[in-house]
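Colleague: Dropping the structure in here first, questions after.
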Amino acid sequence: MPFPYKKIAKRLAEGDATDKTEVQGAALEDVVSWTFCSLPGVRVLKHDFIDAAGSSEIDLLLYNDPRSSPVPFLSEYLMIECKNWKAPVNSATVRDFIGKVRKSRLEVGILVAASGVTGDANDQTAANDDIKQVFDADGIRILVIKRADLERFRSLEAFLQFLQERYADVILRSFSIA
């Protein structure tokens, strides 16, 4: 199956053509669904799920079938939060997402942040520090994907390589690289 990069570009452009944040957010969620579901064995289980208390929303919950998945290093269940913001996602929002991942007892969470997260990944500052701390304390891996990342994929192989590299970056955050 060819990677749907033209469909992705069109949907992102549709979101950009409006000033309604809910439409822009829905466009990003669609793109993330299509991107991940292009992987064999990955499918959407829940979309815009709100818990029984009405206090927490999960944008996407995916099932990553370990029998057919090309990304066996990711969890069987993947929680994804999408933030189609012009500014980088701040520490409080990252900690909120970490709380959702922790509460669900998952090992991996994916934060799709159009403009990334605050701080410097190399210096481990601001939201990047929160991501490092949760890995060091609990082994929870938070992968951050930017909109520019989604826009540059032209093949499934490129997306798979990106996921492998991003996962490696997360697990190596605690090491100082000279």
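If you're wondering about the labels, chains in the structure tokens are A, B, ... by order shown, residues count from 1 in each chain, ligands from 1 in order shown.
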Residues of segment 20-83 of chain A that approach segment 96-102 of chain A to 9 Å or less, counting only C-alpha atoms: could you list each one with the shortest pair of atoms and its distance in Å to one decimal, rows by chain and increasing residue number, as a tab-separated table?

Modeller:
```
residue	atom	partner	partner_atom	distance
A:Ser56	CA	A:Lys100	CA	7.8
A:Glu57	CA	A:Lys100	CA	8.8
A:Ile58	CA	A:Lys100	CA	8.0
A:Met79	CA	A:Val101	CA	6.9
A:Ile80	CA	A:Phe97	CA	9.0
A:Glu81	CA	A:Phe97	CA	7.2
```

Colleague: What residues in segment 4-173 of chain A get the DSSP label strand (DSSP E)? Please answer as a ChimeraX atom specification.

Modeller: /A:42-50,57-64,77-83,108-113,141-145

Colleague: Determine, counting only C-alpha atoms, which protein, DNA and RNA residues have an atom within 7 Å of an atom of segment 122-136 of chain A; residues of the same chain fewer than 5 positions away are not included. Present the result as a PyMOL selection string.

Modeller: chain A and resi 90-91+94-95+117+141-142+173-174

Colleague: I want to know what sits within 9 Å of Leu74 of chain A, based on only C-alpha atoms, with residues of the same chain fewer than 6 positions away left out; could you give that as a list in words?

Modeller: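 Answer for this query is Asn64, Glu107, Val108 and Tyr167 of chain A.
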
Colleague: Work out how far atom CA of Gln161 of chain A is from atom CA of Lys7 of chain A, in Å to one decimal.

Modeller: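 Between these atoms lies a distance of 20.8 Å.
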
Colleague: Quick check, in Å to one decimal: how far apart do atom CA of Leu143 of chain A and atom CA of Thr21 of chain A lie?

Modeller: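 Pair atom CA of Leu143 of chain A / atom CA of Thr21 of chain A returns 23.4 Å.
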
Colleague: Can you tell me, as a tab-separated table (two decimals) with N, CA and C atoms, in the first residue's frame, what residues are no more than 12 Å from segment 42-49 of chain A when counting only C-alpha atoms, ignoring any on the same chain fewer than 6 positions away?

Modeller:
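As written to disk, around.tsv reads:
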```
chain	number	residue	atom	x	y	z
A	22	GLU	N	-10.96	23.80	16.30
A	22	GLU	CA	-11.45	22.42	16.32
A	22	GLU	C	-11.29	21.75	14.95
A	25	GLY	N	-7.54	21.04	14.59
A	25	GLY	CA	-7.19	19.88	15.41
A	25	GLY	C	-7.67	18.58	14.79
A	26	ALA	N	-8.88	18.60	14.23
A	26	ALA	CA	-9.43	17.39	13.58
A	26	ALA	C	-8.57	17.01	12.37
A	29	GLU	N	-5.49	15.26	13.70
A	29	GLU	CA	-5.84	13.92	14.17
A	29	GLU	C	-6.06	12.96	13.00
A	30	ASP	N	-6.73	13.42	11.95
A	30	ASP	CA	-6.92	12.58	10.76
A	30	ASP	C	-5.58	12.17	10.16
A	32	VAL	N	-2.65	12.04	11.58
A	32	VAL	CA	-1.94	11.11	12.47
A	32	VAL	C	-2.54	9.71	12.35
A	33	SER	N	-3.86	9.62	12.30
A	33	SER	CA	-4.51	8.31	12.12
A	33	SER	C	-4.06	7.66	10.82
A	34	TRP	N	-4.11	8.40	9.73
A	34	TRP	CA	-3.72	7.84	8.43
A	34	TRP	C	-2.25	7.42	8.41
A	35	THR	N	-1.41	8.23	9.03
A	35	THR	CA	0.02	7.93	9.06
A	35	THR	C	0.28	6.63	9.83
A	36	PHE	N	-0.24	6.54	11.03
A	36	PHE	CA	0.01	5.34	11.84
A	36	PHE	C	-0.72	4.12	11.29
A	55	SER	N	-13.41	14.19	32.80
A	55	SER	CA	-12.29	15.06	33.16
A	55	SER	C	-11.06	14.89	32.27
A	56	SER	N	-11.08	13.89	31.41
A	56	SER	CA	-9.89	13.61	30.62
A	56	SER	C	-10.28	13.13	29.23
A	57	GLU	N	-9.61	13.67	28.22
A	57	GLU	CA	-9.88	13.26	26.84
A	57	GLU	C	-8.62	12.66	26.25
A	58	ILE	N	-8.81	11.61	25.48
A	58	ILE	CA	-7.72	10.97	24.75
A	58	ILE	C	-8.05	11.15	23.27
A	59	ASP	N	-7.13	11.77	22.53
A	59	ASP	CA	-7.38	12.02	21.11
A	59	ASP	C	-7.46	10.73	20.33
A	60	LEU	N	-6.45	9.88	20.47
A	60	LEU	CA	-6.41	8.61	19.73
A	60	LEU	C	-5.84	7.51	20.60
A	61	LEU	N	-6.48	6.35	20.53
A	61	LEU	CA	-5.93	5.14	21.13
A	61	LEU	C	-5.84	4.13	20.00
A	62	LEU	N	-4.62	3.68	19.71
A	62	LEU	CA	-4.39	2.75	18.62
A	62	LEU	C	-4.03	1.38	19.15
A	63	TYR	N	-4.35	0.37	18.36
A	63	TYR	CA	-3.90	-0.99	18.65
A	63	TYR	C	-2.79	-1.32	17.68
A	64	ASN	N	-1.66	-1.77	18.23
A	64	ASN	CA	-0.47	-2.13	17.47
A	64	ASN	C	-0.29	-3.64	17.61
A	65	ASP	N	-0.85	-4.40	16.68
A	65	ASP	CA	-0.86	-5.86	16.75
A	65	ASP	C	0.57	-6.42	16.71
A	66	PRO	N	1.01	-7.03	17.80
A	66	PRO	CA	2.40	-7.52	17.86
A	66	PRO	C	2.70	-8.63	16.85
A	67	ARG	N	1.67	-9.29	16.32
A	67	ARG	CA	1.89	-10.39	15.37
A	67	ARG	C	2.23	-9.89	13.97
A	68	SER	N	1.82	-8.66	13.64
A	68	SER	CA	2.06	-8.17	12.28
A	68	SER	C	2.69	-6.79	12.20
A	69	SER	N	2.99	-6.21	13.34
A	69	SER	CA	3.50	-4.84	13.38
A	69	SER	C	4.96	-4.74	12.97
A	70	PRO	N	5.30	-3.74	12.16
A	70	PRO	CA	6.71	-3.48	11.85
A	70	PRO	C	7.37	-2.62	12.94
A	71	VAL	N	6.60	-2.26	13.98
A	71	VAL	CA	7.15	-1.46	15.09
A	71	VAL	C	6.92	-2.21	16.42
A	72	PRO	N	7.52	-3.39	16.55
A	72	PRO	CA	7.30	-4.18	17.77
A	72	PRO	C	7.86	-3.54	19.03
A	74	LEU	N	7.28	-0.55	19.95
A	74	LEU	CA	6.24	0.30	20.53
A	74	LEU	C	5.25	-0.59	21.28
A	75	SER	N	4.48	-0.01	22.16
A	75	SER	CA	3.50	-0.76	22.95
A	75	SER	C	2.40	-1.34	22.07
A	76	GLU	N	1.71	-2.32	22.63
A	76	GLU	CA	0.56	-2.90	21.94
A	76	GLU	C	-0.57	-1.88	21.82
A	77	TYR	N	-0.71	-1.05	22.84
A	77	TYR	CA	-1.70	0.04	22.81
A	77	TYR	C	-0.94	1.36	22.83
A	78	LEU	N	-1.31	2.25	21.92
A	78	LEU	CA	-0.61	3.53	21.79
A	78	LEU	C	-1.58	4.68	22.01
A	79	MET	N	-1.28	5.49	23.01
A	79	MET	CA	-2.07	6.69	23.27
A	79	MET	C	-1.39	7.85	22.56
A	80	ILE	N	-2.21	8.59	21.81
A	80	ILE	CA	-1.67	9.72	21.05
A	80	ILE	C	-2.45	10.98	21.38
A	81	GLU	N	-1.70	12.03	21.68
A	81	GLU	CA	-2.26	13.36	21.94
A	81	GLU	C	-1.82	14.25	20.78
A	82	CYS	N	-2.76	14.98	20.19
A	82	CYS	CA	-2.46	15.88	19.07
A	82	CYS	C	-2.67	17.32	19.49
A	100	LYS	N	-1.93	11.01	31.77
A	100	LYS	CA	-2.88	10.13	31.07
A	100	LYS	C	-2.22	8.80	30.72
```
